[in-house]
file work-v7.cif (mmCIF, C-alpha atoms (C1' of nucleotides))
data_query
loop_
_atom_site.label_atom_id
_atom_site.label_comp_id
_atom_site.auth_asym_id
_atom_site.auth_seq_id
_atom_site.Cartn_x
_atom_site.Cartn_y
_atom_site.Cartn_z
CA MET A 163 27.06 62.89 108.10
CA LYS A 164 24.63 65.73 107.70
CA ASN A 165 26.88 68.65 107.05
CA LYS A 166 26.30 68.56 103.37
CA ASN A 167 22.52 68.69 103.48
CA GLN A 168 22.24 70.98 106.44
CA LYS A 169 24.02 73.80 104.75
CA PRO A 170 23.96 73.83 100.97
CA ALA A 171 25.50 77.28 101.38
CA ASN A 172 27.69 77.83 98.40
CA ARG A 173 29.92 79.73 100.78
CA ASN A 174 31.77 76.55 101.57
CA GLU A 175 32.59 75.94 97.99
CA LYS A 176 34.16 79.32 97.45
CA ASN A 177 37.61 78.53 96.31
CA PRO A 178 39.06 76.20 98.93
CA LEU A 179 41.81 78.80 98.77
CA PRO A 180 44.67 76.37 98.51
CA SER A 181 46.78 78.86 100.42
CA GLU A 182 50.47 78.81 99.74
CA ASN A 183 52.28 75.56 100.29
CA GLU A 184 54.40 76.84 103.13
CA THR A 185 51.45 78.08 105.12
CA GLN A 186 49.67 74.84 104.57
CA ILE A 187 52.60 72.82 105.82
CA VAL A 188 52.91 74.86 108.98
CA GLN A 189 49.19 74.56 109.62
CA LEU A 190 49.28 70.83 109.13
CA LEU A 191 52.25 70.45 111.44
CA LEU A 192 50.52 72.51 114.10
CA LYS A 193 47.42 70.40 113.79
CA CYS A 194 49.25 67.10 113.95
CA GLY A 195 51.43 68.32 116.77
CA LEU A 196 48.53 69.43 118.89
CA PHE A 197 46.65 66.23 118.38
CA LEU A 198 49.59 63.99 119.06
CA GLN A 199 50.55 65.92 122.13
CA ARG A 200 47.12 65.27 123.60
CA ALA A 201 47.13 61.64 122.56
CA MET A 202 50.63 60.90 123.75
CA ASN A 203 50.04 62.71 126.99
CA GLN A 204 47.32 60.23 127.75
CA VAL A 205 49.55 57.32 126.89
CA CYS A 206 52.39 58.51 129.06
CA GLN A 207 50.10 59.48 131.88
CA ARG A 208 49.49 55.82 132.55
CA PHE A 209 53.07 55.73 133.80
CA GLY A 210 52.99 58.97 135.73
CA LEU A 211 54.61 60.99 132.97
CA LYS A 212 53.63 63.79 130.67
CA GLN A 213 54.62 63.48 127.05
CA GLN A 214 57.32 66.10 127.38
CA GLN A 215 58.69 64.53 130.51
CA PHE A 216 58.95 61.28 128.65
CA SER A 217 60.81 62.96 125.82
CA VAL A 218 63.35 64.30 128.27
CA LEU A 219 63.73 60.97 130.02
CA ASN A 220 64.08 59.29 126.66
CA GLU A 221 66.81 61.66 125.60
CA ILE A 222 68.68 61.11 128.83
CA VAL A 223 68.43 57.36 128.59
CA LEU A 224 69.53 57.27 124.98
CA HIS A 225 72.16 59.95 124.97
CA GLY A 226 73.84 59.46 128.24
CA PRO A 227 74.88 62.18 130.63
CA ILE A 228 73.68 65.32 128.99
CA SER A 229 73.31 68.92 130.09
CA GLN A 230 70.06 70.83 130.24
CA LYS A 231 71.35 73.15 127.58
CA ASP A 232 71.96 70.32 125.14
CA LEU A 233 68.63 68.79 126.05
CA GLY A 234 66.80 71.99 125.28
CA GLU A 235 68.55 72.37 121.98
CA LYS A 236 67.93 68.81 120.92
CA LEU A 237 64.27 68.75 121.85
CA LEU A 238 63.62 72.40 121.01
CA PHE A 239 62.29 72.97 124.52
CA GLU A 240 62.35 76.25 126.38
CA LYS A 241 65.13 76.15 128.95
CA SER A 242 62.84 77.06 131.84
CA ASN A 243 60.65 74.20 130.80
CA VAL A 244 63.61 71.84 130.74
CA SER A 245 64.54 72.96 134.21
CA LYS A 246 61.09 72.21 135.61
CA ILE A 247 60.86 68.86 133.93
CA VAL A 248 64.28 67.91 135.22
CA ASN A 249 63.12 68.80 138.72
CA ILE A 250 60.10 66.57 138.45
CA LEU A 251 62.04 63.65 137.06
CA SER A 252 64.71 63.93 139.70
CA GLU A 253 62.14 64.17 142.48
CA LYS A 254 60.76 60.88 141.27
CA LYS A 255 64.29 59.48 141.37
CA TRP A 256 64.19 58.61 137.71
CA ILE A 257 67.23 60.67 136.87
CA ARG A 258 70.35 61.83 138.66
CA VAL A 259 71.54 65.41 138.54
CA VAL A 260 75.17 66.33 139.16
CA VAL A 261 77.15 69.45 138.52
CA ALA A 262 79.70 69.06 135.74
CA PRO A 263 83.23 68.78 137.08
CA HIS A 264 84.85 71.16 134.62
CA ASP A 265 82.08 73.75 134.48
CA GLY A 266 80.04 74.63 137.54
CA ARG A 267 77.20 75.99 135.47
CA LEU A 268 76.39 72.77 133.69
CA THR A 269 74.25 70.06 135.21
CA LEU A 270 74.81 66.58 133.91
CA LEU A 271 71.76 64.36 133.80
CA SER A 272 71.78 60.59 133.78
CA GLU A 273 69.16 57.92 134.27
CA THR A 274 68.63 55.72 137.32
CA PRO A 275 67.68 52.04 137.21
CA GLU A 276 64.13 53.01 138.20
CA GLY A 277 64.19 55.57 135.44
CA ILE A 278 65.10 52.94 132.91
CA ALA A 279 62.32 50.73 134.17
CA VAL A 280 59.54 53.25 133.62
CA TRP A 281 61.18 54.38 130.41
CA LYS A 282 60.96 50.85 129.04
CA LYS A 283 57.31 50.44 129.91
CA CYS A 284 56.35 53.86 128.69
CA MET A 285 58.35 53.48 125.52
CA GLN A 286 56.52 50.31 124.67
CA ALA A 287 53.13 51.94 125.12
CA PHE A 288 54.35 54.96 123.21
CA HIS A 289 55.42 52.79 120.35
CA GLU A 290 52.20 50.80 120.27
CA SER A 291 50.19 53.96 120.15
CA SER A 292 52.42 55.51 117.54
CA SER A 293 52.07 52.48 115.34
CA LYS A 294 48.33 52.80 115.44
CA PHE A 295 48.46 56.42 114.34
CA ILE A 296 51.08 55.97 111.68
CA SER A 297 49.67 52.75 110.27
CA VAL A 298 48.05 54.62 107.40
CA LEU A 299 51.46 55.24 105.90
CA SER A 300 53.31 52.67 103.89
CA GLU A 301 56.84 51.75 104.82
CA TYR A 302 58.09 53.87 101.98
CA GLU A 303 55.99 56.85 102.96
CA ALA A 304 57.09 56.56 106.55
CA VAL A 305 60.74 56.68 105.63
CA ASN A 306 60.01 59.61 103.41
CA VAL A 307 58.22 61.54 106.13
CA ILE A 308 61.10 60.98 108.49
CA LYS A 309 63.56 62.31 106.01
CA LEU A 310 61.51 65.43 105.34
CA LEU A 311 60.66 66.14 108.96
CA LYS A 312 64.27 65.78 109.97
CA LYS A 313 65.25 68.28 107.36
CA LEU A 314 62.67 70.74 108.61
CA GLN A 315 63.44 70.21 112.24
CA LYS A 316 67.10 70.79 111.65
CA ALA A 317 66.30 74.10 110.02
CA PHE A 318 64.25 75.16 113.04
CA LYS A 319 67.21 74.92 115.35
CA ARG A 320 68.81 78.10 114.13
CA LYS A 321 65.96 80.47 113.47
CA MET B 276 80.12 75.00 117.89
CA LYS B 277 81.97 73.44 120.73
CA ASN B 278 79.74 70.59 121.70
CA LYS B 279 81.86 68.11 119.93
CA ASN B 280 85.10 68.92 121.70
CA GLN B 281 83.61 69.60 125.06
CA LYS B 282 82.38 66.08 125.51
CA PRO B 283 84.11 63.36 123.58
CA ALA B 284 82.12 60.94 125.73
CA ASN B 285 81.64 57.83 123.70
CA ARG B 286 78.32 57.40 125.47
CA ASN B 287 76.72 59.62 122.88
CA GLU B 288 77.81 57.38 120.11
CA LYS B 289 76.22 54.27 121.56
CA ASN B 290 73.92 53.10 118.86
CA PRO B 291 71.76 56.03 117.91
CA LEU B 292 69.06 53.45 118.49
CA PRO B 293 67.10 54.21 115.36
CA SER B 294 63.90 53.39 117.24
CA GLU B 295 61.02 52.16 115.15
CA ASN B 296 59.90 54.36 112.32
CA GLU B 297 56.48 55.04 113.77
CA THR B 298 57.84 56.25 117.07
CA GLN B 299 60.30 58.43 115.31
CA ILE B 300 57.64 60.06 113.20
CA VAL B 301 55.49 60.84 116.20
CA GLN B 302 58.46 62.27 118.04
CA LEU B 303 59.40 64.43 115.10
CA LEU B 304 55.87 65.68 114.71
CA LEU B 305 55.69 66.54 118.39
CA LYS B 306 58.96 68.40 118.16
CA CYS B 307 58.01 70.38 115.07
CA GLY B 308 54.56 71.07 116.45
CA LEU B 309 55.88 72.43 119.72
CA PHE B 310 58.40 74.63 118.03
CA LEU B 311 56.02 76.02 115.46
CA GLN B 312 53.36 76.66 118.04
CA ARG B 313 55.78 78.87 119.93
CA ALA B 314 57.04 80.58 116.81
CA MET B 315 53.61 81.17 115.31
CA ASN B 316 52.24 82.38 118.60
CA GLN B 317 54.74 85.18 118.51
CA VAL B 318 53.85 86.05 114.96
CA CYS B 319 50.13 86.17 115.65
CA GLN B 320 50.60 88.01 118.90
CA ARG B 321 51.59 91.09 116.96
CA PHE B 322 47.94 91.27 115.92
CA GLY B 323 46.47 90.47 119.29
CA LEU B 324 45.91 86.80 118.51
CA LYS B 325 47.24 83.51 119.71
CA GLN B 326 48.12 80.95 117.08
CA GLN B 327 45.09 78.82 117.92
CA GLN B 328 42.80 81.81 117.85
CA PHE B 329 44.09 82.63 114.43
CA SER B 330 43.43 79.10 113.26
CA VAL B 331 39.83 79.38 114.38
CA LEU B 332 39.40 82.78 112.79
CA ASN B 333 40.97 81.47 109.62
CA GLU B 334 38.61 78.54 109.50
CA ILE B 335 35.63 80.79 110.01
CA VAL B 336 36.72 83.20 107.32
CA LEU B 337 37.45 80.46 104.81
CA HIS B 338 34.62 78.11 105.53
CA GLY B 339 31.80 80.41 106.21
CA PRO B 340 29.23 80.01 108.94
CA ILE B 341 30.35 76.98 110.85
CA SER B 342 29.43 75.43 114.17
CA GLN B 343 31.79 74.94 117.07
CA LYS B 344 31.42 71.22 116.70
CA ASP B 345 32.56 71.27 113.10
CA LEU B 346 35.34 73.65 113.98
CA GLY B 347 36.63 71.35 116.67
CA GLU B 348 36.54 68.38 114.35
CA LYS B 349 38.29 70.17 111.55
CA LEU B 350 41.04 71.65 113.65
CA LEU B 351 41.24 68.75 116.07
CA PHE B 352 40.67 71.10 118.98
CA GLU B 353 39.08 70.18 122.28
CA LYS B 354 35.54 71.51 122.40
CA SER B 355 36.08 73.38 125.63
CA ASN B 356 39.00 75.06 124.00
CA VAL B 357 36.94 76.00 120.97
CA SER B 358 34.33 77.50 123.25
CA LYS B 359 36.85 79.70 124.99
CA ILE B 360 38.47 80.84 121.79
CA VAL B 361 35.10 81.67 120.27
CA ASN B 362 34.33 83.79 123.31
CA ILE B 363 37.52 85.74 122.95
CA LEU B 364 37.08 86.31 119.24
CA SER B 365 33.50 87.40 119.65
CA GLU B 366 34.39 89.78 122.49
CA LYS B 367 36.82 91.44 120.12
CA LYS B 368 33.99 91.67 117.59
CA TRP B 369 35.95 89.71 115.06
CA ILE B 370 33.29 87.06 114.68
CA ARG B 371 29.52 86.89 115.05
CA VAL B 372 27.81 84.15 117.00
CA VAL B 373 24.22 83.20 116.34
CA VAL B 374 22.14 80.22 117.34
CA ALA B 375 21.29 77.96 114.45
CA PRO B 376 17.68 78.33 113.39
CA HIS B 377 16.86 74.64 113.10
CA ASP B 378 18.84 73.39 116.10
CA GLY B 379 19.05 75.44 119.26
CA ARG B 380 22.18 73.66 120.39
CA LEU B 381 24.35 74.73 117.50
CA THR B 382 26.04 78.08 117.31
CA LEU B 383 26.87 79.37 113.88
CA LEU B 384 30.01 81.43 113.61
CA SER B 385 30.79 83.96 110.91
CA GLU B 386 33.37 86.66 110.47
CA THR B 387 32.87 90.41 110.78
CA PRO B 388 34.51 93.03 108.53
CA GLU B 389 36.94 93.83 111.34
CA GLY B 390 37.62 90.13 111.65
CA ILE B 391 38.52 89.92 108.00
CA ALA B 392 40.82 92.92 108.38
CA VAL B 393 42.96 91.41 111.13
CA TRP B 394 42.79 88.04 109.46
CA LYS B 395 44.31 89.49 106.31
CA LYS B 396 47.15 91.16 108.14
CA CYS B 397 47.84 88.22 110.35
CA MET B 398 47.66 85.79 107.48
CA GLN B 399 50.28 87.72 105.60
CA ALA B 400 52.67 87.67 108.55
CA PHE B 401 51.87 84.03 109.10
CA HIS B 402 52.73 83.23 105.54
CA GLU B 403 55.96 85.20 105.56
CA SER B 404 57.10 83.43 108.65
CA SER B 405 56.06 80.04 107.34
CA SER B 406 58.00 80.61 104.16
CA LYS B 407 61.13 81.26 106.17
CA PHE B 408 60.76 78.02 108.07
CA ILE B 409 59.81 75.89 105.11
CA SER B 410 62.35 77.36 102.74
CA VAL B 411 64.69 74.41 103.25
CA LEU B 412 62.30 72.22 101.33
CA SER B 413 62.17 72.14 97.57
CA GLU B 414 58.89 72.67 95.80
CA TYR B 415 58.67 68.95 95.21
CA GLU B 416 59.41 68.09 98.81
CA ALA B 417 56.87 70.59 100.02
CA VAL B 418 54.11 69.08 97.94
CA ASN B 419 55.15 65.70 99.16
CA VAL B 420 55.04 66.69 102.81
CA ILE B 421 51.58 68.14 102.36
CA LYS B 422 50.31 64.95 100.84
CA LEU B 423 51.73 62.83 103.62
CA LEU B 424 50.64 65.07 106.47
CA LYS B 425 47.14 65.27 105.10
CA LYS B 426 46.98 61.53 105.02
CA LEU B 427 48.11 61.31 108.62
CA GLN B 428 45.89 64.07 109.84
CA LYS B 429 42.87 62.48 108.24
CA ALA B 430 43.62 59.28 110.10
CA PHE B 431 43.77 61.13 113.41
CA LYS B 432 40.22 62.31 113.15
CA ARG B 433 38.72 58.98 114.00
CA LYS B 434 40.93 57.51 116.62
"C1'" DC C 150 3.41 62.08 125.49
"C1'" DT C 151 6.30 61.81 129.18
"C1'" DA C 152 11.01 60.07 130.37
"C1'" DT C 153 15.49 58.92 129.20
"C1'" DA C 154 19.52 59.41 126.43
"C1'" DA C 155 22.43 61.91 123.41
"C1'" DA C 156 24.57 66.02 121.59
"C1'" DA C 157 26.46 70.95 121.60
"C1'" DG C 158 28.35 74.25 124.44
"C1'" DT C 159 29.82 76.15 128.94
"C1'" DT C 160 32.18 76.32 133.16
"C1'" DT C 161 35.48 75.00 136.64
"C1'" DC C 162 39.64 73.25 138.28
"C1'" DC C 163 44.21 72.01 137.62
"C1'" DA C 164 48.64 71.32 135.59
"C1'" DT C 165 51.95 73.20 132.78
"C1'" DG C 166 54.34 75.89 129.17
"C1'" DT C 167 56.15 80.54 128.32
"C1'" DC C 168 58.18 84.75 129.16
"C1'" DA C 169 60.93 87.75 131.78
"C1'" DA C 170 63.65 88.70 135.50
"C1'" DC C 171 67.05 86.81 138.20
"C1'" DC C 172 71.37 84.27 140.11
"C1'" DA C 173 75.79 82.14 139.87
"C1'" DA C 174 79.69 80.40 137.33
"C1'" DA C 175 82.83 81.19 133.62
"C1'" DT C 176 84.99 84.25 129.91
"C1'" DA C 177 86.49 88.32 128.17
"C1'" DT C 178 88.22 93.02 128.69
"C1'" DT C 179 91.09 96.55 130.61
"C1'" DA D 295 93.72 91.34 139.26
"C1'" DA D 296 88.98 93.79 138.81
"C1'" DT D 297 85.16 94.56 136.35
"C1'" DA D 298 81.95 93.52 132.66
"C1'" DT D 299 79.73 90.21 129.66
"C1'" DT D 300 78.11 85.92 128.52
"C1'" DT D 301 76.14 81.60 129.58
"C1'" DG D 302 73.58 77.81 132.04
"C1'" DG D 303 70.08 77.31 135.00
"C1'" DT D 304 66.19 78.80 138.35
"C1'" DT D 305 62.15 81.22 139.86
"C1'" DG D 306 57.65 83.51 139.70
"C1'" DA D 307 53.73 85.52 137.39
"C1'" DC D 308 50.59 84.62 134.05
"C1'" DA D 309 47.80 82.76 130.62
"C1'" DT D 310 45.93 78.76 128.64
"C1'" DG D 311 44.92 74.01 127.20
"C1'" DG D 312 42.64 69.74 128.84
"C1'" DA D 313 39.52 66.67 131.48
"C1'" DA D 314 35.38 66.35 133.75
"C1'" DA D 315 31.15 67.93 135.45
"C1'" DC D 316 27.23 70.56 134.22
"C1'" DT D 317 23.26 72.97 131.34
"C1'" DT D 318 20.25 73.09 127.75
"C1'" DT D 319 18.31 71.54 123.62
"C1'" DT D 320 17.14 67.70 120.57
"C1'" DA D 321 16.34 62.81 119.62
"C1'" DT D 322 14.83 58.24 121.12
"C1'" DA D 323 12.10 54.87 123.82
"C1'" DG D 324 8.31 52.97 126.15
#
call {"tool": "encode", "arguments": {"input": "work-v7.cif", "output": "structure tokens"}}
result
Amino acid sequence: MKNKNQKPANRNEKNPLPSENETQIVQLLLKCGLFLQRAMNQVCQRFGLKQQQFSVLNEIVLHGPISQKDLGEKLLFEKSNVSKIVNILSEKKWIRVVVAPHDGRLTLLSETPEGIAVWKKCMQAFHESSSKFISVLSEYEAVNVIKLLKKLQKAFKRK
Amino acid sequence: MKNKNQKPANRNEKNPLPSENETQIVQLLLKCGLFLQRAMNQVCQRFGLKQQQFSVLNEIVLHGPISQKDLGEKLLFEKSNVSKIVNILSEKKWIRVVVAPHDGRLTLLSETPEGIAVWKKCMQAFHESSSKFISVLSEYEAVNVIKLLKKLQKAFKRK
DNA sequence: CTATAAAAGTTTCCATGTCAACCAAATATT
DNA sequence: AATATTTGGTTGACATGGAAACTTTTATAG
């Protein structure tokens, strides 16, 4: 509330330097991502989960028995990170881990009843919180954002 | 390339469960944020910077003498994090730190010539890399994304 | 004009994400 | 068939981001 008066420095007004569109988009995404990660971590923590752990659990619940490889590719997680998260979730008995029958390298992950239980509770909180954050967008804008982010995210996969 | 054949499991096709728009947006933003953070970290690292350190340096270069408080608010960084980053940047002599004359609690940060030098180089690499990632969007889509993300990001500030 | 509260930064502790090196199973090569 | 390469997953070292407690300066109260 006092920034303006405190420093009439014309320095601030020097060309906001719109900076190329692409750079700006990346910077905005980084900013939003960082903030949401913090916020969603707090939400999930109420259920004994970190945000990333919830994402993994969510993926397992929604997309059935899935391998760590596929998980990593879908969520764009580092594979070592996936491995650790899987360990934590399976220690808590929220997921089951079995070796794939046809390929001894693959581990197939599936949810347990307890896993579904926490997933449901956490998902509800997650959604409530998300709604609060996204409420500034109109329905139309929201749909639009989804379309654009999906396009981007798909491009990330192979770079 | 072989995912499809390897697992014809109909489990995967069970209702993609579109999940509410808001949740989906948050999840997409988290995903993009995580990925870009990793990618941009690598880019910046070539110049001895982490992505977040670059963001701070960038803010200081563009928006003149600024306090840690303002920095944190603008970038949505935790204040402890800002403090550490400022330390690192000032140790490398890329920024100057002085106590504000009218308020002994505030520290005013400004860039050094060396700071500007690395900033320029890093910014160029940052932009090149960003362009690669964002190239899937048309000019129109890019402008649109910026508008929407800015709206979101502004809403985050006060939650 | 002291005493209390608030604000800006700092420090500490902890969890965790990343990278690189590694292991084991499966493919490819000869 | 035997070896080499690739692939999925694990492990360990390391740095770092976040929450909370703490210090110091400023603002408020009585």
call {"tool": "resolve_selection", "arguments": {"input": "work-v7.cif", "expression": "the PyMOL selection byres ((chain D) within 9 of (chain A))", "output": "MDAnalysis selection string"}}
result
chainID D and resid 301:304 312
call {"tool": "atom_distance", "arguments": {"input": "work-v7.cif", "atom1": "CA of Met398 (chain B)", "atom2": "CA of Leu304 (chain B)"}}
result
22.9 Å
call {"tool": "interface_residues", "arguments": {"input": "work-v7.cif", "of": "chain B", "to": "chain A", "cutoff": "8 Å", "atoms": "all atoms listed in the file", "output": "VMD selection string"}}
result
chain B and resid 286 to 289 291 to 292 295 to 301 303 to 312 337 to 339 350 to 352 401 to 402 405 to 406 408 to 412 416 to 418 420 to 421 423 to 428 430 to 431 434
call {"tool": "interface_residues", "arguments": {"input": "work-v7.cif", "of": "chain C", "to": "chain B", "cutoff": "9 Å", "atoms": "all atoms listed in the file", "output": "list of chain:residue names"}}
result
C:DA156, C:DA157, C:DG158, C:DT159, C:DT160, C:DT167
call {"tool": "calpha_fit_rmsd", "arguments": {"input": "work-v7.cif", "fixed": "chain B", "moving": "chain A"}}
result
0.3 Å
call {"tool": "residues_around", "arguments": {"input": "work-v7.cif", "residues": "DA177 (chain C)", "least_positions_apart": "4", "cutoff": "9 Å", "atoms": "all atoms listed in the file", "output": "number ranges by chain"}}
result
D: 298-300
call {"tool": "decode", "arguments": {"input": "work-v7.cif", "residues": "region 351-387 of chain B", "atoms": "C-alpha atoms", "output": "PDB file, in the first residue's frame"}}
result
ATOM      1  CA  LEU B 351       5.336 -15.751  -4.720  1.00  0.00           C
ATOM      2  CA  PHE B 352       8.437 -17.055  -2.984  1.00  0.00           C
ATOM      3  CA  GLU B 353       8.705 -17.956   0.670  1.00  0.00           C
ATOM      4  CA  LYS B 354      10.581 -15.241   2.523  1.00  0.00           C
ATOM      5  CA  SER B 355      13.122 -17.629   3.960  1.00  0.00           C
ATOM      6  CA  ASN B 356      13.802 -18.777   0.462  1.00  0.00           C
ATOM      7  CA  VAL B 357      14.240 -15.226  -0.765  1.00  0.00           C
ATOM      8  CA  SER B 358      16.693 -14.594   2.024  1.00  0.00           C
ATOM      9  CA  LYS B 359      18.835 -17.547   1.068  1.00  0.00           C
ATOM     10  CA  ILE B 360      18.800 -16.722  -2.607  1.00  0.00           C
ATOM     11  CA  VAL B 361      19.739 -13.121  -1.902  1.00  0.00           C
ATOM     12  CA  ASN B 362      22.685 -14.358   0.125  1.00  0.00           C
ATOM     13  CA  ILE B 363      23.916 -16.512  -2.701  1.00  0.00           C
ATOM     14  CA  LEU B 364      23.551 -13.793  -5.302  1.00  0.00           C
ATOM     15  CA  SER B 365      25.285 -11.241  -3.145  1.00  0.00           C
ATOM     16  CA  GLU B 366      28.146 -13.634  -2.364  1.00  0.00           C
ATOM     17  CA  LYS B 367      28.695 -13.937  -6.090  1.00  0.00           C
ATOM     18  CA  LYS B 368      28.712 -10.143  -6.266  1.00  0.00           C
ATOM     19  CA  TRP B 369      25.853 -10.126  -8.699  1.00  0.00           C
ATOM     20  CA  ILE B 370      23.676  -7.947  -6.526  1.00  0.00           C
ATOM     21  CA  ARG B 371      24.238  -5.278  -3.894  1.00  0.00           C
ATOM     22  CA  VAL B 372      22.429  -5.311  -0.580  1.00  0.00           C
ATOM     23  CA  VAL B 373      21.952  -2.159   1.442  1.00  0.00           C
ATOM     24  CA  VAL B 374      19.724  -1.315   4.364  1.00  0.00           C
ATOM     25  CA  ALA B 375      16.955   1.077   3.486  1.00  0.00           C
ATOM     26  CA  PRO B 376      17.620   4.554   4.820  1.00  0.00           C
ATOM     27  CA  HIS B 377      14.172   5.212   6.249  1.00  0.00           C
ATOM     28  CA  ASP B 378      13.457   1.727   7.602  1.00  0.00           C
ATOM     29  CA  GLY B 379      16.203  -0.350   9.139  1.00  0.00           C
ATOM     30  CA  ARG B 380      14.301  -3.559   8.584  1.00  0.00           C
ATOM     31  CA  LEU B 381      14.195  -3.355   4.829  1.00  0.00           C
ATOM     32  CA  THR B 382      17.038  -4.396   2.612  1.00  0.00           C
ATOM     33  CA  LEU B 383      17.218  -2.812  -0.791  1.00  0.00           C
ATOM     34  CA  LEU B 384      18.589  -4.974  -3.547  1.00  0.00           C
ATOM     35  CA  SER B 385      20.146  -3.761  -6.765  1.00  0.00           C
ATOM     36  CA  GLU B 386      22.170  -5.361  -9.508  1.00  0.00           C
ATOM     37  CA  THR B 387      25.895  -5.012 -10.141  1.00  0.00           C
TER      38      THR B 387
END
